[in-house]
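*Asks:* Contents of my_file.cif (mmCIF, C-alpha atoms) are below:
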```cif
data_my_file
#
loop_
_atom_site.group_PDB
_atom_site.id
_atom_site.type_symbol
_atom_site.label_atom_id
_atom_site.label_comp_id
_atom_site.auth_asym_id
_atom_site.auth_seq_id
_atom_site.Cartn_x
_atom_site.Cartn_y
_atom_site.Cartn_z
ATOM 1 C CA MET N 204 -54.161 37.323 -90.223
ATOM 2 C CA LYS N 205 -52.604 40.663 -89.358
ATOM 3 C CA PRO N 206 -48.826 40.282 -89.537
ATOM 4 C CA SER N 207 -47.018 41.296 -86.364
ATOM 5 C CA SER N 208 -43.570 40.560 -87.728
ATOM 6 C CA ALA N 209 -42.863 43.583 -89.918
ATOM 7 C CA GLY N 210 -39.259 44.220 -90.878
ATOM 8 C CA PHE N 211 -36.534 42.777 -88.679
ATOM 9 C CA HIS N 212 -38.661 42.902 -85.535
ATOM 10 C CA THR N 213 -41.246 40.498 -84.244
ATOM 11 C CA GLY N 214 -43.923 42.045 -82.033
ATOM 12 C CA ARG N 215 -41.896 41.127 -78.947
ATOM 13 C CA ASP N 216 -38.707 42.574 -80.458
ATOM 14 C CA ALA N 217 -40.502 45.854 -81.163
ATOM 15 C CA ARG N 218 -41.744 46.044 -77.558
ATOM 16 C CA ASN N 219 -38.288 45.249 -76.187
ATOM 17 C CA ALA N 220 -36.632 47.751 -78.520
ATOM 18 C CA GLY N 221 -39.142 50.393 -77.426
ATOM 19 C CA GLY N 222 -38.315 49.741 -73.769
ATOM 20 C CA PHE N 223 -34.592 49.967 -74.464
ATOM 21 C CA ASN N 224 -34.986 53.175 -76.489
ATOM 22 C CA ARG N 225 -37.038 54.847 -73.760
ATOM 23 C CA TRP N 226 -34.472 54.019 -71.054
ATOM 24 C CA MET N 227 -31.619 55.027 -73.341
ATOM 25 C CA LEU N 228 -33.311 58.377 -73.908
ATOM 26 C CA ALA N 229 -33.899 58.804 -70.185
ATOM 27 C CA ALA N 230 -30.241 57.947 -69.497
ATOM 28 C CA ALA N 231 -29.074 60.445 -72.130
ATOM 29 C CA ILE N 232 -31.233 63.227 -70.663
ATOM 30 C CA ALA N 233 -30.032 62.408 -67.131
ATOM 31 C CA TYR N 234 -26.432 62.375 -68.385
ATOM 32 C CA VAL N 235 -26.771 65.786 -70.028
ATOM 33 C CA ALA N 236 -28.482 67.198 -66.908
ATOM 34 C CA ALA N 237 -25.776 65.810 -64.600
ATOM 35 C CA THR N 238 -22.992 67.077 -66.879
ATOM 36 C CA ALA N 239 -24.494 70.558 -67.072
ATOM 37 C CA ALA N 240 -25.109 70.713 -63.332
ATOM 38 C CA LEU N 241 -21.543 69.669 -62.498
ATOM 39 C CA ARG N 242 -20.012 71.983 -65.069
ATOM 40 C CA TRP N 243 -21.854 75.056 -63.817
ATOM 41 C CA ARG N 244 -22.156 74.152 -60.133
ATOM 42 C CA ALA N 245 -19.958 77.073 -59.103
ATOM 43 C CA ALA N 246 -22.376 79.526 -60.719
ATOM 44 C CA LEU N 247 -25.481 77.724 -59.439
ATOM 45 C CA PRO N 248 -25.443 77.599 -55.629
ATOM 46 C CA ALA N 249 -28.849 75.893 -55.566
ATOM 47 C CA ILE N 250 -27.156 72.720 -56.786
ATOM 48 C CA SER N 251 -26.071 71.266 -53.457
ATOM 49 C CA PRO N 252 -23.549 68.396 -53.230
ATOM 50 C CA ALA N 253 -26.420 66.056 -52.385
ATOM 51 C CA LEU N 254 -28.256 67.099 -55.554
ATOM 52 C CA GLN N 255 -25.095 66.612 -57.584
ATOM 53 C CA TRP N 256 -24.776 63.044 -56.271
ATOM 54 C CA LEU N 257 -28.458 62.472 -56.947
ATOM 55 C CA LEU N 258 -28.110 63.626 -60.583
ATOM 56 C CA VAL N 259 -25.052 61.464 -61.225
ATOM 57 C CA GLY N 260 -26.647 58.496 -59.452
ATOM 58 C CA THR N 261 -29.823 58.894 -61.505
ATOM 59 C CA ALA N 262 -27.830 58.936 -64.747
ATOM 60 C CA LEU N 263 -26.010 55.785 -63.633
ATOM 61 C CA LEU N 264 -29.212 53.984 -62.627
ATOM 62 C CA PHE N 265 -30.917 54.867 -65.913
ATOM 63 C CA ALA N 266 -27.856 53.682 -67.861
ATOM 64 C CA VAL N 267 -27.821 50.383 -65.940
ATOM 65 C CA GLU N 268 -31.531 49.882 -66.647
ATOM 66 C CA ALA N 269 -30.975 50.692 -70.356
ATOM 67 C CA THR N 270 -28.200 48.083 -70.415
ATOM 68 C CA ARG N 271 -30.467 45.523 -68.758
ATOM 69 C CA ARG N 272 -33.175 46.256 -71.339
ATOM 70 C CA TYR N 273 -30.679 45.834 -74.178
ATOM 71 C CA VAL N 274 -29.540 42.451 -72.857
ATOM 72 C CA LEU N 275 -33.205 41.402 -72.569
ATOM 73 C CA TYR N 276 -33.801 42.624 -76.138
ATOM 74 C CA LEU N 277 -30.852 40.539 -77.374
ATOM 75 C CA ARG N 278 -31.812 37.427 -75.399
ATOM 76 C CA GLN N 279 -35.364 37.408 -76.735
ATOM 77 C CA ALA N 280 -34.546 38.699 -80.221
ATOM 78 C CA ASP N 281 -35.413 36.991 -83.460
ATOM 79 C CA GLU N 282 -32.349 34.993 -84.536
ATOM 80 C CA LEU N 283 -31.552 37.116 -87.605
ATOM 81 C CA LEU N 284 -31.883 40.282 -85.534
ATOM 82 C CA ARG N 285 -29.461 38.784 -83.008
ATOM 83 C CA ARG N 286 -26.990 38.064 -85.820
ATOM 84 C CA ILE N 287 -27.291 41.667 -87.031
ATOM 85 C CA GLN N 288 -26.715 43.000 -83.523
ATOM 86 C CA LEU N 289 -23.712 40.690 -83.057
ATOM 87 C CA GLU N 290 -22.106 42.066 -86.235
ATOM 88 C CA ALA N 291 -22.943 45.630 -85.192
ATOM 89 C CA LEU N 292 -21.501 45.169 -81.695
ATOM 90 C CA GLY N 293 -18.408 43.562 -83.193
ATOM 91 C CA LEU N 294 -17.826 46.540 -85.457
ATOM 92 C CA GLY N 295 -18.521 48.989 -82.637
ATOM 93 C CA PHE N 296 -16.164 47.216 -80.248
ATOM 94 C CA ALA N 297 -13.430 46.884 -82.868
ATOM 95 C CA ALA N 298 -13.687 50.548 -83.880
ATOM 96 C CA GLY N 299 -13.661 51.620 -80.219
ATOM 97 C CA ALA N 300 -10.619 49.437 -79.462
ATOM 98 C CA VAL N 301 -8.710 50.617 -82.528
ATOM 99 C CA VAL N 302 -9.389 54.277 -81.756
ATOM 100 C CA ALA N 303 -8.604 53.842 -78.041
ATOM 101 C CA LEU N 304 -5.259 52.175 -78.814
ATOM 102 C CA LEU N 305 -4.120 54.086 -81.896
ATOM 103 C CA TYR N 306 -5.502 57.587 -81.485
ATOM 104 C CA PRO N 307 -3.076 58.406 -78.618
ATOM 105 C CA LEU N 308 -0.294 57.975 -81.170
ATOM 106 C CA PHE N 309 -1.930 60.606 -83.373
ATOM 107 C CA GLU N 310 -2.255 62.826 -80.305
ATOM 108 C CA LEU N 311 1.534 62.542 -79.896
ATOM 109 C CA LEU N 312 1.818 63.716 -83.490
ATOM 110 C CA GLY N 313 -0.244 66.790 -82.669
ATOM 111 C CA ALA N 314 -3.843 65.703 -83.279
ATOM 112 C CA PRO N 315 -6.406 67.161 -80.859
ATOM 113 C CA ALA N 316 -7.098 65.196 -77.676
ATOM 114 C CA LEU N 317 -10.074 62.845 -77.991
ATOM 115 C CA GLY N 318 -10.672 61.660 -74.423
ATOM 116 C CA GLY N 319 -12.883 58.888 -73.126
ATOM 117 C CA ARG N 320 -16.116 60.503 -74.328
ATOM 118 C CA GLY N 321 -14.730 60.784 -77.853
ATOM 119 C CA ILE N 322 -13.913 57.082 -77.873
ATOM 120 C CA ALA N 323 -17.415 56.272 -76.589
ATOM 121 C CA VAL N 324 -18.901 58.365 -79.398
ATOM 122 C CA VAL N 325 -16.791 56.510 -81.994
ATOM 123 C CA LEU N 326 -17.934 53.180 -80.515
ATOM 124 C CA LEU N 327 -21.614 54.191 -80.570
ATOM 125 C CA LEU N 328 -21.393 55.545 -84.117
ATOM 126 C CA ALA N 329 -19.644 52.380 -85.324
ATOM 127 C CA TRP N 330 -22.329 50.289 -83.592
ATOM 128 C CA ALA N 331 -25.038 52.260 -85.403
ATOM 129 C CA ALA N 332 -23.180 51.998 -88.726
ATOM 130 C CA GLY N 333 -22.692 48.269 -88.143
ATOM 131 C CA SER N 334 -26.424 47.824 -87.512
ATOM 132 C CA TRP N 335 -27.209 49.607 -90.756
ATOM 133 C CA LEU N 336 -24.635 47.651 -92.775
ATOM 134 C CA ALA N 337 -25.669 44.259 -91.381
ATOM 135 C CA ALA N 338 -29.384 45.009 -91.865
ATOM 136 C CA ARG N 339 -28.608 46.009 -95.452
ATOM 137 C CA ARG N 340 -26.642 42.808 -95.997
ATOM 138 C CA TYR N 341 -29.500 40.540 -94.922
ATOM 139 C CA SER N 342 -32.355 42.479 -96.521
ATOM 140 C CA GLY N 343 -33.312 43.126 -100.108
ATOM 141 C CA GLY N 344 -35.057 40.892 -102.581
ATOM 142 C CA THR N 345 -38.556 39.566 -101.976
ATOM 143 C CA MET H 233 -27.579 25.896 -98.157
ATOM 144 C CA ARG H 234 -30.437 25.705 -100.654
ATOM 145 C CA ASN H 235 -34.053 25.567 -99.565
ATOM 146 C CA ARG H 236 -37.583 25.237 -100.959
ATOM 147 C CA LEU H 237 -39.159 27.669 -98.559
ATOM 148 C CA ARG H 238 -40.451 30.096 -101.171
ATOM 149 C CA VAL H 239 -42.095 27.275 -103.161
ATOM 150 C CA LEU H 240 -43.639 25.679 -100.077
ATOM 151 C CA ARG H 241 -44.974 29.041 -98.923
ATOM 152 C CA ALA H 242 -46.377 29.838 -102.362
ATOM 153 C CA GLU H 243 -48.177 26.470 -102.474
ATOM 154 C CA ARG H 244 -50.103 27.533 -99.391
ATOM 155 C CA SER H 245 -50.595 31.112 -100.609
ATOM 156 C CA TRP H 246 -49.001 32.510 -97.473
ATOM 157 C CA SER H 247 -47.299 35.866 -97.422
ATOM 158 C CA GLN H 248 -43.849 36.163 -95.876
ATOM 159 C CA GLY H 249 -45.464 37.937 -92.931
ATOM 160 C CA GLU H 250 -47.971 35.127 -92.387
ATOM 161 C CA LEU H 251 -45.229 32.498 -92.464
ATOM 162 C CA ALA H 252 -43.109 34.597 -90.123
ATOM 163 C CA ASP H 253 -45.986 34.824 -87.640
ATOM 164 C CA ARG H 254 -46.525 31.065 -87.769
ATOM 165 C CA LEU H 255 -42.827 30.513 -87.068
ATOM 166 C CA GLY H 256 -42.500 33.286 -84.485
ATOM 167 C CA VAL H 257 -39.757 35.096 -86.417
ATOM 168 C CA SER H 258 -39.570 38.399 -88.288
ATOM 169 C CA ARG H 259 -40.635 38.821 -91.916
ATOM 170 C CA GLN H 260 -37.059 39.732 -92.829
ATOM 171 C CA THR H 261 -35.843 36.429 -91.396
ATOM 172 C CA VAL H 262 -38.172 34.557 -93.747
ATOM 173 C CA ASN H 263 -37.047 36.789 -96.610
ATOM 174 C CA ALA H 264 -33.357 36.286 -95.827
ATOM 175 C CA ILE H 265 -33.785 32.492 -95.672
ATOM 176 C CA GLU H 266 -35.738 32.403 -98.940
ATOM 177 C CA THR H 267 -33.131 34.486 -100.751
ATOM 178 C CA GLY H 268 -30.247 32.432 -99.363
ATOM 179 C CA ARG H 269 -28.739 35.318 -97.415
ATOM 180 C CA TYR H 270 -29.184 33.577 -94.096
ATOM 181 C CA ASP H 271 -29.133 29.949 -92.997
ATOM 182 C CA PRO H 272 -31.528 29.333 -90.102
ATOM 183 C CA SER H 273 -30.533 27.775 -86.808
ATOM 184 C CA LEU H 274 -31.240 24.066 -86.393
ATOM 185 C CA PRO H 275 -34.295 24.658 -84.118
ATOM 186 C CA LEU H 276 -35.786 27.081 -86.661
ATOM 187 C CA ALA H 277 -35.047 24.688 -89.536
ATOM 188 C CA PHE H 278 -36.885 21.938 -87.640
ATOM 189 C CA SER H 279 -39.787 24.303 -86.940
ATOM 190 C CA ILE H 280 -40.030 25.115 -90.642
ATOM 191 C CA ALA H 281 -39.971 21.443 -91.640
ATOM 192 C CA ARG H 282 -42.571 20.587 -88.988
ATOM 193 C CA LEU H 283 -44.845 23.422 -90.138
ATOM 194 C CA PHE H 284 -44.872 22.041 -93.676
ATOM 195 C CA ASP H 285 -45.120 18.457 -92.401
ATOM 196 C CA LEU H 286 -41.906 17.482 -94.153
ATOM 197 C CA ALA H 287 -38.531 16.050 -93.162
ATOM 198 C CA ILE H 288 -35.853 18.690 -92.739
ATOM 199 C CA GLU H 289 -33.892 17.402 -95.748
ATOM 200 C CA GLN H 290 -37.005 17.861 -97.905
ATOM 201 C CA VAL H 291 -36.835 21.584 -97.179
ATOM 202 C CA PHE H 292 -33.087 22.203 -96.906
ATOM 203 C CA GLU H 293 -30.176 20.696 -98.749
ATOM 204 C CA PRO H 294 -26.473 21.511 -98.769
ATOM 205 C CA GLU H 295 -25.125 23.396 -101.760
ATOM 206 C CA GLY H 296 -22.709 21.674 -104.101
#
```
Rewrite the structure from the file as structure tokens, please.
*Replies:*
Amino acid sequence: MKPSSAGFHTGRDARNAGGFNRWMLAAAIAYVAATAALRWRAALPAISPALQWLLVGTALLFAVEATRRYVLYLRQADELLRRIQLEALGLGFAAGAVVALLYPLFELLGAPALGGRGIAVVLLLAWAAGSWLAARRYSGGT
Amino acid sequence: MRNRLRVLRAERSWSQGELADRLGVSRQTVNAIETGRYDPSLPLAFSIARLFDLAIEQVFEPEG
């Protein structure tokens, strides 16, 4: 029998993760395109207001679809994988909340401004680190 | 919780991947249960016991 359950993913998990990753990538590309277009719209007259709305709307739609795919991935995930993702999301949320609440105090002390994007980056990095740490915790040994 | 999963699997000469496929879980889930890093949910514990044609307490027992 050819095993379909390599690593932390069953075959279905791998398919769902692939779908999420593709939409996440599409959302990231759309986000970068929309950001660039809005930042340089004064220098690029070809970017009409309608096109600007279209770019931002596309980024939003792709992000919503990526979110839907992630929820589907979690709902159908192998139970250990779901535990790992719960721990990762917990760490990501906690890190994001701590930075969002405490970093403004450091800004008052003279630290550079972080902004909403900076907090989102911290949250995403903590989520990724949490995934790695939790996967490490439950793996090893044969 | 202690379990006899590794012994039961070895008696049937199944790899972790084969057992995982029979249970519909990942290979790492089987590995984590065997090594005591993860206690399965009740439905999965019942599925494991049913697969080996045993009562659940013949596969799993509380520690201490």
*Asks:* Considering all atoms listed in the file, tabulate each residue of chain H that lies at most 6 Å from chain N along with its nearest interatomic pair and the corresponding distance in Å to one decimal; arrange the rows by chain and ascending residue number and present them as a tab-separated table.
*Replies:*
```
residue	atom	partner	partner_atom	distance
H:Gly249	CA	N:Pro206	CA	5.3
H:Glu250	CA	N:Pro206	CA	6.0
H:Val257	CA	N:Asp281	CA	5.6
H:Ser258	CA	N:Ser208	CA	4.6
H:Arg259	CA	N:Ser208	CA	5.4
H:Gln260	CA	N:Phe211	CA	5.2
H:Thr261	CA	N:Leu283	CA	5.8
H:Ala264	CA	N:Tyr341	CA	5.8
H:Arg269	CA	N:Tyr341	CA	5.8
```
*Asks:* Could the residues in this selection be saved with C-alpha atoms as a tab-separated table (two decimals), in the frame of the given file?
*Replies:*
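To be explicit, this is the file written out as again_13.tsv:
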```tsv
chain	number	residue	atom	x	y	z
H	249	GLY	CA	-45.46	37.94	-92.93
H	250	GLU	CA	-47.97	35.13	-92.39
H	257	VAL	CA	-39.76	35.10	-86.42
H	258	SER	CA	-39.57	38.40	-88.29
H	259	ARG	CA	-40.64	38.82	-91.92
H	260	GLN	CA	-37.06	39.73	-92.83
H	261	THR	CA	-35.84	36.43	-91.40
H	264	ALA	CA	-33.36	36.29	-95.83
H	269	ARG	CA	-28.74	35.32	-97.42
```
*Asks:* Could you tell me which residues the PyMOL selection byres ((chain H and resi 233) around 7) grabs in this file, written as a ChimeraX atom specification?
*Replies:* /H:234-235,271,292-295
*Asks:* Given the PyMOL selection byres ((chain H and resi 238) around 12) and the file above, list the residues it selects as a PyMOL selection string.
*Replies:* (chain N and resi 345) or (chain H and resi 234-237+239-248+251+262-268+280+284+291-292)
*Asks:* Keeping C-alpha atoms for every residue in the selection just given, could you write it to a file as a PDB file, keeping the file's coordinate frame?
*Replies:*
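What ended up in result-v1.pdb:
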```pdb
ATOM      1  CA  THR N 345     -38.556  39.566-101.976  1.00  0.00           C
TER       2      THR N 345
ATOM      3  CA  ARG H 234     -30.437  25.705-100.654  1.00  0.00           C
ATOM      4  CA  ASN H 235     -34.053  25.567 -99.565  1.00  0.00           C
ATOM      5  CA  ARG H 236     -37.583  25.237-100.959  1.00  0.00           C
ATOM      6  CA  LEU H 237     -39.159  27.669 -98.559  1.00  0.00           C
ATOM      7  CA  VAL H 239     -42.095  27.275-103.161  1.00  0.00           C
ATOM      8  CA  LEU H 240     -43.639  25.679-100.077  1.00  0.00           C
ATOM      9  CA  ARG H 241     -44.974  29.041 -98.923  1.00  0.00           C
ATOM     10  CA  ALA H 242     -46.377  29.838-102.362  1.00  0.00           C
ATOM     11  CA  GLU H 243     -48.177  26.470-102.474  1.00  0.00           C
ATOM     12  CA  ARG H 244     -50.103  27.533 -99.391  1.00  0.00           C
ATOM     13  CA  SER H 245     -50.595  31.112-100.609  1.00  0.00           C
ATOM     14  CA  TRP H 246     -49.001  32.510 -97.473  1.00  0.00           C
ATOM     15  CA  SER H 247     -47.299  35.866 -97.422  1.00  0.00           C
ATOM     16  CA  GLN H 248     -43.849  36.163 -95.876  1.00  0.00           C
ATOM     17  CA  LEU H 251     -45.229  32.498 -92.464  1.00  0.00           C
ATOM     18  CA  VAL H 262     -38.172  34.557 -93.747  1.00  0.00           C
ATOM     19  CA  ASN H 263     -37.047  36.789 -96.610  1.00  0.00           C
ATOM     20  CA  ALA H 264     -33.357  36.286 -95.827  1.00  0.00           C
ATOM     21  CA  ILE H 265     -33.785  32.492 -95.672  1.00  0.00           C
ATOM     22  CA  GLU H 266     -35.738  32.403 -98.940  1.00  0.00           C
ATOM     23  CA  THR H 267     -33.131  34.486-100.751  1.00  0.00           C
ATOM     24  CA  GLY H 268     -30.247  32.432 -99.363  1.00  0.00           C
ATOM     25  CA  ILE H 280     -40.030  25.115 -90.642  1.00  0.00           C
ATOM     26  CA  PHE H 284     -44.872  22.041 -93.676  1.00  0.00           C
ATOM     27  CA  VAL H 291     -36.835  21.584 -97.179  1.00  0.00           C
ATOM     28  CA  PHE H 292     -33.087  22.203 -96.906  1.00  0.00           C
TER      29      PHE H 292
END
```
*Asks:* So what do you get for atom CA of Val325 of chain N versus atom CA of Ala217 of chain N, distance-wise?
*Replies:* 26.0 Å
*Asks:* Pick out the closest residue to Arg225 of chain N from this set: N:Ala269, N:Leu311, N:Ala297, N:Ala245. Count all atoms listed in the file.
*Replies:*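 Looking at the shortest contact to Arg225 of chain N, the residue is N:Ala269.
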*Asks:* To test the calculation: enclose all listed atoms of segment 275-284 of chain H in a box whose edges run along x, y and z, add 4 Å on each side, then state centre and edge lengths in Å to one decimal, as AutoDock Vina command-line options.
*Replies:*
```
--center_x -39.6 --center_y 23.8 --center_z -88.9 --size_x 18.6 --size_y 14.5 --size_z 17.6
```
